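Here is protein-v8.pdb, consisting of PDB, C-alpha atoms:
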MODEL        1
ATOM      1  CA  MET A   1      66.176 210.378 -69.136
ATOM      2  CA  LYS A   2      65.076 213.000 -66.667
ATOM      3  CA  VAL A   3      62.680 212.036 -63.890
ATOM      4  CA  GLN A   4      61.377 213.977 -60.933
ATOM      5  CA  ILE A   5      62.028 212.381 -57.541
ATOM      6  CA  ASN A   6      60.660 214.002 -54.389
ATOM      7  CA  GLY A   7      60.380 217.267 -56.308
ATOM      8  CA  GLU A   8      63.995 217.178 -57.594
ATOM      9  CA  MET A   9      64.923 216.597 -61.254
ATOM     10  CA  ARG A  10      67.388 213.714 -61.654
ATOM     11  CA  ASP A  11      69.088 212.226 -64.696
ATOM     12  CA  PHE A  12      69.307 208.447 -65.196
ATOM     13  CA  GLU A  13      70.252 206.026 -67.931
ATOM     14  CA  ALA A  14      67.231 204.331 -69.528
ATOM     15  CA  PRO A  15      65.880 201.703 -69.339
ATOM     16  CA  MET A  16      65.628 201.369 -65.592
ATOM     17  CA  SER A  17      63.317 199.560 -63.172
ATOM     18  CA  VAL A  18      62.201 200.963 -59.836
ATOM     19  CA  LEU A  19      64.495 198.471 -58.097
ATOM     20  CA  GLN A  20      67.485 199.587 -60.192
ATOM     21  CA  LEU A  21      66.679 203.206 -59.436
ATOM     22  CA  LEU A  22      66.562 202.508 -55.683
ATOM     23  CA  THR A  23      69.860 200.630 -55.911
ATOM     24  CA  VAL A  24      71.563 203.417 -57.859
ATOM     25  CA  MET A  25      70.331 205.953 -55.317
ATOM     26  CA  ASN A  26      71.432 203.732 -52.433
ATOM     27  CA  LEU A  27      67.954 203.654 -50.868
ATOM     28  CA  PRO A  28      66.831 200.740 -48.648
ATOM     29  CA  SER A  29      63.936 199.192 -50.584
ATOM     30  CA  GLN A  30      62.493 197.425 -47.519
ATOM     31  CA  LYS A  31      62.148 200.612 -45.473
ATOM     32  CA  ILE A  32      60.386 202.859 -47.951
ATOM     33  CA  ALA A  33      57.320 203.216 -50.154
ATOM     34  CA  VAL A  34      57.277 204.380 -53.767
ATOM     35  CA  GLU A  35      54.614 206.294 -55.661
ATOM     36  CA  LEU A  36      54.926 206.580 -59.450
ATOM     37  CA  ASN A  37      52.765 209.243 -61.105
ATOM     38  CA  LEU A  38      50.407 209.199 -58.097
ATOM     39  CA  GLU A  39      50.051 205.384 -58.146
ATOM     40  CA  ILE A  40      51.559 203.156 -55.441
ATOM     41  CA  VAL A  41      54.209 200.738 -56.679
ATOM     42  CA  PRO A  42      53.876 197.518 -54.637
ATOM     43  CA  LYS A  43      57.191 196.146 -53.340
ATOM     44  CA  SER A  44      56.561 192.998 -55.390
ATOM     45  CA  ALA A  45      56.604 195.101 -58.582
ATOM     46  CA  TYR A  46      59.873 196.980 -57.953
ATOM     47  CA  HIS A  47      61.797 194.785 -60.395
ATOM     48  CA  SER A  48      59.167 194.751 -63.150
ATOM     49  CA  GLN A  49      57.931 198.350 -63.001
ATOM     50  CA  MET A  50      59.964 200.453 -65.431
ATOM     51  CA  VAL A  51      60.661 204.142 -64.998
ATOM     52  CA  ALA A  52      60.087 206.427 -68.009
ATOM     53  CA  ALA A  53      61.274 209.928 -68.847
ATOM     54  CA  SER A  54      59.258 212.714 -67.147
ATOM     55  CA  ASP A  55      57.880 210.314 -64.536
ATOM     56  CA  ARG A  56      57.089 211.850 -61.178
ATOM     57  CA  ILE A  57      58.226 209.670 -58.305
ATOM     58  CA  GLU A  58      57.745 210.046 -54.568
ATOM     59  CA  ILE A  59      59.862 207.983 -52.181
ATOM     60  CA  VAL A  60      58.775 208.161 -48.543
ATOM     61  CA  HIS A  61      59.534 206.566 -45.203
ATOM     62  CA  PHE A  62      58.366 206.784 -41.604
ATOM     63  CA  ILE A  63      59.680 209.594 -39.427
ATOM     64  CA  GLY A  64      58.778 210.770 -35.933
ATOM     65  CA  GLY A  65      55.317 212.258 -35.573
ATOM     66  CA  GLY A  66      52.454 212.664 -33.128
TER
ATOM     67  CA  MET B   1      35.438 191.857  -9.503
ATOM     68  CA  ASN B   2      38.674 191.268  -7.613
ATOM     69  CA  ALA B   3      42.023 193.050  -7.824
ATOM     70  CA  ASP B   4      43.351 190.510 -10.314
ATOM     71  CA  SER B   5      40.625 191.092 -12.867
ATOM     72  CA  SER B   6      42.449 194.158 -14.203
ATOM     73  CA  LYS B   7      45.112 191.804 -15.604
ATOM     74  CA  ASP B   8      42.613 190.579 -18.180
ATOM     75  CA  ASP B   9      41.642 194.130 -19.021
ATOM     76  CA  VAL B  10      42.706 194.490 -22.647
ATOM     77  CA  LEU B  11      42.146 197.269 -25.141
ATOM     78  CA  THR B  12      40.725 195.963 -28.412
ATOM     79  CA  ILE B  13      40.964 198.184 -31.486
ATOM     80  CA  ALA B  14      39.727 196.817 -34.817
ATOM     81  CA  GLY B  15      40.202 193.264 -33.564
ATOM     82  CA  ARG B  16      43.768 193.855 -32.338
ATOM     83  CA  ARG B  17      44.361 193.356 -28.622
ATOM     84  CA  PHE B  18      46.654 195.556 -26.554
ATOM     85  CA  SER B  19      47.506 195.402 -22.872
ATOM     86  CA  SER B  20      48.873 198.965 -22.781
ATOM     87  CA  ARG B  21      46.409 201.851 -22.970
ATOM     88  CA  LEU B  22      49.079 204.472 -23.572
ATOM     89  CA  ILE B  23      49.892 205.372 -27.174
ATOM     90  CA  ILE B  24      52.848 207.666 -27.667
ATOM     91  CA  GLY B  25      53.995 209.890 -30.495
ATOM     92  CA  THR B  26      57.486 209.879 -31.958
ATOM     93  CA  GLY B  27      57.843 213.578 -32.750
ATOM     94  CA  LYS B  28      59.833 216.341 -31.017
ATOM     95  CA  TYR B  29      62.396 214.063 -29.332
ATOM     96  CA  VAL B  30      66.057 215.093 -29.237
ATOM     97  CA  ASP B  31      66.890 211.934 -31.196
ATOM     98  CA  TYR B  32      65.473 208.511 -32.047
ATOM     99  CA  ALA B  33      67.476 206.866 -29.250
ATOM    100  CA  GLU B  34      65.722 208.975 -26.610
ATOM    101  CA  ASN B  35      62.436 208.269 -28.346
ATOM    102  CA  ALA B  36      63.043 204.529 -28.183
ATOM    103  CA  ALA B  37      63.944 204.735 -24.483
ATOM    104  CA  ALA B  38      60.740 206.692 -23.795
ATOM    105  CA  ALA B  39      58.598 204.164 -25.684
ATOM    106  CA  GLU B  40      60.143 201.398 -23.605
ATOM    107  CA  ALA B  41      59.591 203.290 -20.338
ATOM    108  CA  ALA B  42      55.997 204.101 -21.310
ATOM    109  CA  GLY B  43      55.301 200.425 -21.893
ATOM    110  CA  ALA B  44      53.626 201.516 -25.126
ATOM    111  CA  GLU B  45      52.588 198.959 -27.731
ATOM    112  CA  ILE B  46      51.456 201.484 -30.331
ATOM    113  CA  VAL B  47      53.465 204.486 -31.559
ATOM    114  CA  THR B  48      52.293 207.118 -33.999
ATOM    115  CA  VAL B  49      54.549 207.919 -36.951
ATOM    116  CA  ALA B  50      54.504 210.387 -39.829
ATOM    117  CA  VAL B  51      55.101 209.719 -43.527
ATOM    118  CA  ARG B  52      57.572 212.024 -45.272
ATOM    119  CA  ARG B  53      59.870 212.176 -48.278
ATOM    120  CA  ILE B  54      63.164 210.367 -47.769
ATOM    121  CA  ASN B  55      66.335 212.456 -47.749
ATOM    122  CA  LEU B  56      67.816 211.750 -51.195
ATOM    123  CA  SER B  57      71.104 213.517 -50.538
ATOM    124  CA  ASP B  58      71.847 211.500 -47.389
ATOM    125  CA  PRO B  59      70.325 208.002 -47.602
ATOM    126  CA  SER B  60      72.448 206.893 -44.652
ATOM    127  CA  ALA B  61      70.749 209.351 -42.235
ATOM    128  CA  PRO B  62      69.272 207.594 -39.155
ATOM    129  CA  MET B  63      65.817 206.116 -39.782
ATOM    130  CA  LEU B  64      63.069 205.755 -37.207
ATOM    131  CA  ILE B  65      62.630 202.037 -37.859
ATOM    132  CA  ASP B  66      66.293 201.415 -37.043
ATOM    133  CA  TYR B  67      65.528 202.529 -33.475
ATOM    134  CA  ILE B  68      61.869 201.628 -32.929
ATOM    135  CA  ASP B  69      61.253 198.121 -34.175
ATOM    136  CA  PRO B  70      58.006 197.755 -36.160
ATOM    137  CA  LYS B  71      57.939 194.098 -35.104
ATOM    138  CA  LYS B  72      57.800 195.130 -31.451
ATOM    139  CA  TYR B  73      55.529 198.193 -31.752
ATOM    140  CA  THR B  74      52.415 198.658 -33.837
ATOM    141  CA  PHE B  75      53.138 201.679 -36.026
ATOM    142  CA  LEU B  76      50.170 203.990 -36.341
ATOM    143  CA  PRO B  77      50.836 206.178 -39.388
ATOM    144  CA  ASN B  78      49.207 209.607 -39.163
ATOM    145  CA  THR B  79      48.050 212.116 -41.733
ATOM    146  CA  ALA B  80      49.651 215.123 -40.042
ATOM    147  CA  GLY B  81      50.089 217.907 -42.555
ATOM    148  CA  CYS B  82      47.152 216.801 -44.716
ATOM    149  CA  PHE B  83      44.392 219.307 -45.262
ATOM    150  CA  THR B  84      42.101 217.350 -47.590
ATOM    151  CA  GLY B  85      40.642 213.867 -47.790
ATOM    152  CA  GLU B  86      42.591 213.159 -50.982
ATOM    153  CA  ASP B  87      45.907 214.096 -49.304
ATOM    154  CA  ALA B  88      45.059 211.838 -46.361
ATOM    155  CA  VAL B  89      44.182 208.866 -48.562
ATOM    156  CA  ARG B  90      47.340 209.323 -50.657
ATOM    157  CA  THR B  91      49.546 209.540 -47.544
ATOM    158  CA  LEU B  92      48.041 206.475 -45.896
ATOM    159  CA  ARG B  93      48.213 204.374 -49.060
ATOM    160  CA  LEU B  94      51.950 205.051 -49.042
ATOM    161  CA  ALA B  95      52.110 204.247 -45.320
ATOM    162  CA  ARG B  96      50.332 200.953 -45.893
ATOM    163  CA  GLU B  97      52.859 200.053 -48.581
ATOM    164  CA  ALA B  98      55.812 201.146 -46.423
ATOM    165  CA  GLY B  99      54.695 199.118 -43.441
ATOM    166  CA  GLY B 100      51.883 196.887 -44.499
ATOM    167  CA  TRP B 101      49.408 198.060 -41.861
ATOM    168  CA  SER B 102      45.805 199.086 -42.253
ATOM    169  CA  LEU B 103      45.483 200.629 -38.773
ATOM    170  CA  VAL B 104      45.922 204.389 -39.205
ATOM    171  CA  LYS B 105      45.396 207.695 -37.431
ATOM    172  CA  LEU B 106      43.399 210.241 -39.380
ATOM    173  CA  GLU B 107      43.931 213.871 -38.521
ATOM    174  CA  VAL B 108      42.821 216.632 -40.843
ATOM    175  CA  LEU B 109      43.701 219.976 -39.332
ATOM    176  CA  GLY B 110      41.800 223.127 -40.094
ATOM    177  CA  ASP B 111      43.937 225.898 -38.685
ATOM    178  CA  GLU B 112      47.636 226.299 -37.899
ATOM    179  CA  LYS B 113      47.149 228.388 -34.769
ATOM    180  CA  THR B 114      44.743 226.091 -32.937
ATOM    181  CA  LEU B 115      45.492 222.836 -34.802
ATOM    182  CA  TYR B 116      41.799 222.133 -34.352
ATOM    183  CA  PRO B 117      40.449 219.418 -36.634
ATOM    184  CA  ASN B 118      38.547 220.430 -39.757
ATOM    185  CA  MET B 119      35.523 218.275 -39.013
ATOM    186  CA  PRO B 120      33.677 218.403 -42.371
ATOM    187  CA  GLU B 121      36.899 217.339 -44.114
ATOM    188  CA  THR B 122      37.656 214.770 -41.376
ATOM    189  CA  LEU B 123      34.246 213.140 -41.931
ATOM    190  CA  ARG B 124      34.789 213.070 -45.696
ATOM    191  CA  SER B 125      38.306 211.628 -45.323
ATOM    192  CA  ALA B 126      37.122 208.993 -42.850
ATOM    193  CA  GLU B 127      34.522 207.839 -45.347
ATOM    194  CA  LEU B 128      37.131 207.553 -48.139
ATOM    195  CA  LEU B 129      39.558 205.638 -45.909
ATOM    196  CA  VAL B 130      36.984 203.219 -44.496
ATOM    197  CA  LYS B 131      35.888 202.441 -48.089
ATOM    198  CA  GLU B 132      39.551 201.665 -48.924
ATOM    199  CA  GLY B 133      39.713 199.124 -46.121
ATOM    200  CA  PHE B 134      41.660 201.154 -43.568
ATOM    201  CA  ASP B 135      41.000 200.797 -39.840
ATOM    202  CA  VAL B 136      40.650 204.443 -38.943
ATOM    203  CA  MET B 137      41.414 205.893 -35.518
ATOM    204  CA  VAL B 138      40.277 209.474 -35.807
ATOM    205  CA  TYR B 139      41.450 212.676 -34.131
ATOM    206  CA  CYS B 140      38.370 214.827 -33.701
ATOM    207  CA  SER B 141      36.706 217.676 -31.872
ATOM    208  CA  ASP B 142      35.000 216.960 -28.543
ATOM    209  CA  ASP B 143      31.526 217.307 -30.081
ATOM    210  CA  PRO B 144      29.423 214.196 -29.320
ATOM    211  CA  ILE B 145      27.436 214.638 -32.556
ATOM    212  CA  MET B 146      30.609 214.639 -34.670
ATOM    213  CA  ALA B 147      31.930 211.649 -32.705
ATOM    214  CA  LYS B 148      28.718 209.725 -33.372
ATOM    215  CA  GLN B 149      28.887 210.466 -37.091
ATOM    216  CA  LEU B 150      32.490 209.228 -37.237
ATOM    217  CA  GLU B 151      31.480 206.034 -35.474
ATOM    218  CA  ASP B 152      28.554 205.573 -37.891
ATOM    219  CA  ILE B 153      30.966 205.949 -40.837
ATOM    220  CA  GLY B 154      32.935 203.018 -39.432
ATOM    221  CA  CYS B 155      35.911 204.505 -37.569
ATOM    222  CA  CYS B 156      37.449 201.958 -35.183
ATOM    223  CA  ALA B 157      38.395 204.457 -32.468
ATOM    224  CA  ILE B 158      37.222 207.966 -31.615
ATOM    225  CA  MET B 159      39.988 210.279 -30.398
ATOM    226  CA  PRO B 160      38.737 213.672 -29.211
ATOM    227  CA  LEU B 161      41.189 216.308 -28.033
ATOM    228  CA  ALA B 162      41.451 217.114 -24.319
ATOM    229  CA  ALA B 163      42.983 220.499 -25.201
ATOM    230  CA  PRO B 164      44.828 221.835 -28.265
ATOM    231  CA  ILE B 165      47.705 219.721 -29.635
ATOM    232  CA  GLY B 166      50.951 220.457 -27.803
ATOM    233  CA  SER B 167      49.266 222.791 -25.281
ATOM    234  CA  GLY B 168      49.664 220.597 -22.206
ATOM    235  CA  LEU B 169      46.540 222.163 -20.696
ATOM    236  CA  GLY B 170      44.979 218.892 -19.586
ATOM    237  CA  VAL B 171      41.349 217.770 -19.867
ATOM    238  CA  GLN B 172      39.411 221.001 -20.458
ATOM    239  CA  ASN B 173      36.187 219.320 -21.464
ATOM    240  CA  PRO B 174      35.398 216.461 -19.077
ATOM    241  CA  ILE B 175      31.656 216.707 -19.729
ATOM    242  CA  ASN B 176      32.035 216.317 -23.499
ATOM    243  CA  ILE B 177      34.588 213.516 -23.153
ATOM    244  CA  ARG B 178      32.238 211.704 -20.781
ATOM    245  CA  MET B 179      29.287 212.127 -23.183
ATOM    246  CA  ILE B 180      31.343 210.703 -26.052
ATOM    247  CA  ILE B 181      32.448 207.758 -23.897
ATOM    248  CA  GLU B 182      28.870 206.971 -22.872
ATOM    249  CA  GLN B 183      27.505 206.940 -26.410
ATOM    250  CA  SER B 184      30.386 205.142 -28.166
ATOM    251  CA  LYS B 185      30.573 201.430 -28.882
ATOM    252  CA  VAL B 186      34.164 201.708 -30.177
ATOM    253  CA  PRO B 187      37.143 202.717 -27.995
ATOM    254  CA  VAL B 188      37.467 206.396 -27.065
ATOM    255  CA  LEU B 189      40.979 207.758 -26.527
ATOM    256  CA  VAL B 190      41.935 211.257 -25.525
ATOM    257  CA  ASP B 191      44.348 212.483 -28.187
ATOM    258  CA  ALA B 192      46.189 215.746 -27.543
ATOM    259  CA  GLY B 193      46.310 218.205 -24.689
ATOM    260  CA  VAL B 194      47.648 216.049 -21.867
ATOM    261  CA  GLY B 195      50.441 217.875 -20.008
ATOM    262  CA  THR B 196      51.355 215.774 -17.023
ATOM    263  CA  ALA B 197      50.566 212.503 -15.263
ATOM    264  CA  SER B 198      47.450 213.732 -13.426
ATOM    265  CA  ASP B 199      45.911 214.823 -16.754
ATOM    266  CA  ALA B 200      46.287 211.289 -18.107
ATOM    267  CA  ALA B 201      44.813 209.847 -14.909
ATOM    268  CA  ILE B 202      41.820 212.210 -15.146
ATOM    269  CA  ALA B 203      41.163 211.141 -18.733
ATOM    270  CA  MET B 204      41.260 207.476 -17.723
ATOM    271  CA  GLU B 205      39.085 208.053 -14.627
ATOM    272  CA  LEU B 206      36.471 209.569 -16.934
ATOM    273  CA  GLY B 207      36.335 206.176 -18.631
ATOM    274  CA  CYS B 208      38.550 206.712 -21.655
ATOM    275  CA  ASP B 209      39.863 203.487 -23.166
ATOM    276  CA  GLY B 210      43.293 205.008 -23.649
ATOM    277  CA  VAL B 211      45.376 208.144 -24.017
ATOM    278  CA  LEU B 212      47.546 209.269 -26.918
ATOM    279  CA  MET B 213      50.274 211.795 -26.180
ATOM    280  CA  ASN B 214      53.488 213.121 -27.643
ATOM    281  CA  THR B 215      54.607 216.543 -26.391
ATOM    282  CA  ALA B 216      53.937 215.829 -22.699
ATOM    283  CA  ILE B 217      56.681 213.202 -22.795
ATOM    284  CA  ALA B 218      58.972 214.603 -25.500
ATOM    285  CA  GLU B 219      59.150 218.103 -23.971
ATOM    286  CA  ALA B 220      59.531 216.980 -20.344
ATOM    287  CA  LYS B 221      62.961 217.797 -18.895
ATOM    288  CA  ASN B 222      63.439 214.058 -18.457
ATOM    289  CA  PRO B 223      61.327 212.378 -21.155
ATOM    290  CA  VAL B 224      62.112 208.823 -20.072
ATOM    291  CA  LEU B 225      61.070 209.508 -16.464
ATOM    292  CA  MET B 226      57.902 211.250 -17.668
ATOM    293  CA  ALA B 227      57.116 208.281 -19.922
ATOM    294  CA  GLN B 228      57.285 206.066 -16.851
ATOM    295  CA  ALA B 229      55.052 208.483 -14.905
ATOM    296  CA  MET B 230      52.506 208.404 -17.739
ATOM    297  CA  ARG B 231      52.539 204.617 -17.743
ATOM    298  CA  HIS B 232      51.645 204.597 -14.035
ATOM    299  CA  ALA B 233      49.068 207.382 -14.450
ATOM    300  CA  VAL B 234      47.218 205.568 -17.219
ATOM    301  CA  ILE B 235      47.167 202.342 -15.223
ATOM    302  CA  ALA B 236      46.109 204.166 -12.026
ATOM    303  CA  GLY B 237      43.341 206.054 -13.815
ATOM    304  CA  ARG B 238      42.074 202.901 -15.466
ATOM    305  CA  GLN B 239      42.054 200.945 -12.218
ATOM    306  CA  ALA B 240      40.282 203.796 -10.390
ATOM    307  CA  TYR B 241      37.650 203.860 -13.145
ATOM    308  CA  LEU B 242      37.134 200.102 -12.952
ATOM    309  CA  ALA B 243      37.108 200.184  -9.139
ATOM    310  CA  GLY B 244      34.351 202.806  -9.112
ATOM    311  CA  ARG B 245      35.056 205.892  -7.052
ATOM    312  CA  MET B 246      33.249 206.775  -3.798
ATOM    313  CA  ALA B 247      30.393 209.219  -3.861
ATOM    314  CA  LYS B 248      31.221 212.857  -3.183
ATOM    315  CA  ARG B 249      29.740 214.433  -0.039
ATOM    316  CA  LEU B 250      29.483 218.040   0.969
ATOM    317  CA  TYR B 251      30.498 217.438   4.602
ATOM    318  CA  ALA B 252      32.921 215.203   6.478
ATOM    319  CA  ASP B 253      32.286 211.579   7.325
ATOM    320  CA  PRO B 254      34.540 210.097  10.036
ATOM    321  CA  SER B 255      36.748 207.190   9.082
ATOM    322  CA  SER B 256      36.979 205.916  12.674
ATOM    323  CA  PRO B 257      33.756 204.621  14.247
ATOM    324  CA  LEU B 258      32.100 206.923  16.787
ATOM    325  CA  ALA B 259      30.590 203.973  18.710
ATOM    326  CA  GLY B 260      32.549 202.715  21.718
ATOM    327  CA  LEU B 261      34.235 206.043  22.431
ATOM    328  CA  ILE B 262      35.710 206.219  25.933
TER
ENDMDL
END
Written as structure tokens, how would this file's structure read?
Amino acid sequence: MKVQINGEMRDFEAPMSVLQLLTVMNLPSQKIAVELNLEIVPKSAYHSQMVAASDRIEIVHFIGGG
Amino acid sequence: MNADSSKDDVLTIAGRRFSSRLIIGTGKYVDYAENAAAAEAAGAEIVTVAVRRINLSDPSAPMLIDYIDPKKYTFLPNTAGCFTGEDAVRTLRLAREAGGWSLVKLEVLGDEKTLYPNMPETLRSAELLVKEGFDVMVYCSDDPIMAKQLEDIGCCAIMPLAAPIGSGLGVQNPINIRMIIEQSKVPVLVDAGVGTASDAAIAMELGCDGVLMNTAIAEAKNPVLMAQAMRHAVIAGRQAYLAGRMAKRLYADPSSPLAGLI
């Protein structure tokens, strides 16, 4: 299935949870926040929230700023 | 009041107590290590941070929180780069999930050349965020009427600019800053425009509850030394404000008594 992450199209094997997606992409789940189709995914739901084809996902973290 | 009373002088923002009145930004540093050293030297307890997309192609790139410990510093996520209330709310919801804080810095800019705040949109955003349960520290113009409206909406700190962001021009508007301080029941912090230590001291002598700065430290030739200078300046300005300065006179007044002259 194709999903859009941070504006880039990526291909993954379905089915897949948010936690599995983060693991596959080697992203530190404790240091980030995830938005799925404009809705926040709470950290507690990473394992239960499934990702579907054509989903739009944003993965953010804190960087330097004023 | 005696000299020791300043030790109990704490800054309270939305129920959180801080002993440092200097908030520093984390942008424009050469690297996160220098940034961490500056935060330490500044004695800061709050640092502002931005929320951005993670680098998918290099997940091992250095991350801010590996250098500046969120357990040691209160992270104040900002809305830099947001131009509408909806953008600001979306960004800060993500920030709250990333860090679990409700204390945030709202800044809605209106123009890329001046980086002046878009006040109608700032007011609208503040309303949305307060309704969502955020504790909103708000970057704003130095207009006392705007500041009052932001306080009425429920912002927990009013943060007018001293001069444009990154300009280093110092406090250009002491009258307005003073008016805002006198009318406000929540803390007032100068945010933006400070260039050097004396600027920070002037802001504090006016009665500001704190100062927020980024470029003045990050773009100094020696950022860590400047961070230390700012720490002293903020403390000195605060103590001078609490001490109450002498009255100004037009002519001289001798310091040595004239009586008993030989």
In the coordinate frame of the file, compute which residues have an atom within 8 Å of (70.3, 209.4, -53.7) when using only C-alpha atoms, and state them as a list of chain:residue names. A:Val24, A:Met25, A:Asn26, A:Leu27, B:Asn55, B:Leu56, B:Ser57, B:Asp58, B:Pro59
Given the selection you just returned, output its residues as a file containing C-alpha atoms, formatted as a PDB file, in the coordinates of the input.
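Here's the written file part-v8.pdb:
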ATOM      1  CA  VAL A  24      71.563 203.417 -57.859  1.00  0.00           C
ATOM      2  CA  MET A  25      70.331 205.953 -55.317  1.00  0.00           C
ATOM      3  CA  ASN A  26      71.432 203.732 -52.433  1.00  0.00           C
ATOM      4  CA  LEU A  27      67.954 203.654 -50.868  1.00  0.00           C
TER       5      LEU A  27
ATOM      6  CA  ASN B  55      66.335 212.456 -47.749  1.00  0.00           C
ATOM      7  CA  LEU B  56      67.816 211.750 -51.195  1.00  0.00           C
ATOM      8  CA  SER B  57      71.104 213.517 -50.538  1.00  0.00           C
ATOM      9  CA  ASP B  58      71.847 211.500 -47.389  1.00  0.00           C
ATOM     10  CA  PRO B  59      70.325 208.002 -47.602  1.00  0.00           C
TER      11      PRO B  59
END
List as an MDAnalysis selection string the residues having at least one atom at most 10 Å from position (53.8, 208.9, -65.8) as given in the file, counting only C-alpha atoms. chainID A and resid 3 36:39 51:57
If the PyMOL selection byres ((chain B) within 8 of (chain A)) is run on the structure shown, which residues does it catch, given as JSON, numbers by chain? {"B": [24, 25, 26, 27, 28, 48, 49, 50, 51, 52, 53, 54, 56, 59, 63, 64, 65, 77, 78, 80, 93, 94, 95, 97, 98, 99, 213, 214]}
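Residues within 8 Å of Ala41 (chain B), counting all atoms listed in the file and excluding same-chain residues fewer than 6 positions away, are Val224, Leu225, Ala227, Gln228 and Arg231 of chain B.
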What is the distance, in Å and to one decimal place, between CA of Gln183 (chain B) and CA of Ala236 (chain B)?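 Answer for the CA of Gln183 (chain B) to CA of Ala236 (chain B) separation: 23.7 Å.
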Quick one: distance from CA of Met16 (chain A) to CA of Ser48 (chain A) in Å, one decimal?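 Value for the CA of Met16 (chain A)-CA of Ser48 (chain A) distance: 9.6 Å.
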Give me the residues near region 162-173 of chain B as a PyMOL selection string, where near means some atom within 12 Å (using all atoms listed in the file) and where sequence neighbours in that chain fewer than 5 positions away do not count. (chain A and resi 66) or (chain B and resi 25+27-28+80+107+109+111-117+139-144+178-180+188-206+208+211-220)
Residues within 7 Å of Val18 (chain A), all atoms listed in the file, excluding chain neighbours under 5 positions, as a list of chain:residue names: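 The residues satisfying every condition are A:Tyr46, A:His47, A:Gln49, A:Met50, A:Val51.
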Residue selection dump (C-alpha atoms) as a PDB file, in the coordinates of the input:
ATOM      1  CA  TYR A  46      59.873 196.980 -57.953  1.00  0.00           C
ATOM      2  CA  HIS A  47      61.797 194.785 -60.395  1.00  0.00           C
ATOM      3  CA  GLN A  49      57.931 198.350 -63.001  1.00  0.00           C
ATOM      4  CA  MET A  50      59.964 200.453 -65.431  1.00  0.00           C
ATOM      5  CA  VAL A  51      60.661 204.142 -64.998  1.00  0.00           C
TER       6      VAL A  51
END
Which residue of B:Pro187, B:Gly133, B:Gly237, B:Gly85 approaches Pro120 (chain B) most closely, using only C-alpha atoms: B:Gly85
Report, in Å to a single decimal, how far apart CA of Met137 (chain B) and CA of Lys105 (chain B) are.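 Atom-to-atom, CA of Lys105 (chain B) and CA of Met137 (chain B) are spaced 4.8 Å apart.
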Given all atoms listed in the file as the counted atoms, nearest of B:Gln149, B:Ile13, B:Gly210, B:Gly260 to Asp135 (chain B):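 The shortest atom-to-atom distance to Asp135 (chain B) comes from B:Ile13.
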Using all atoms listed in the file, pick whichever of B:Met159, B:Leu123, B:Ile68, B:Val89 has the shortest atom-to-atom distance to Ala37 (chain B).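 Closest candidate: B:Ile68.
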Which residues come within 10 Å of Glu13 (chain A), counting all atoms listed in the file, excluding same-chain residues fewer than 4 positions away, as a PyMOL selection string? chain A and resi 1-2+21+53
Excluding same-chain residues fewer than 6 positions from Ser184 (chain B), what lies within 10 Å of it counting only C-alpha atoms, as an NGL selection string? :B and (144 or 147-148 or 151-152 or 157-158)
Output of the PyMOL selection byres ((chain B and resi 73-76) around 6), listed as a PyMOL selection string: chain B and resi 45-49+70-72+77+104
Selection above as a file: C-alpha atoms, as a PDB file, in the coordinates of the input:
ATOM      1  CA  GLU B  45      52.588 198.959 -27.731  1.00  0.00           C
ATOM      2  CA  ILE B  46      51.456 201.484 -30.331  1.00  0.00           C
ATOM      3  CA  VAL B  47      53.465 204.486 -31.559  1.00  0.00           C
ATOM      4  CA  THR B  48      52.293 207.118 -33.999  1.00  0.00           C
ATOM      5  CA  VAL B  49      54.549 207.919 -36.951  1.00  0.00           C
ATOM      6  CA  PRO B  70      58.006 197.755 -36.160  1.00  0.00           C
ATOM      7  CA  LYS B  71      57.939 194.098 -35.104  1.00  0.00           C
ATOM      8  CA  LYS B  72      57.800 195.130 -31.451  1.00  0.00           C
ATOM      9  CA  PRO B  77      50.836 206.178 -39.388  1.00  0.00           C
ATOM     10  CA  VAL B 104      45.922 204.389 -39.205  1.00  0.00           C
TER      11      VAL B 104
END
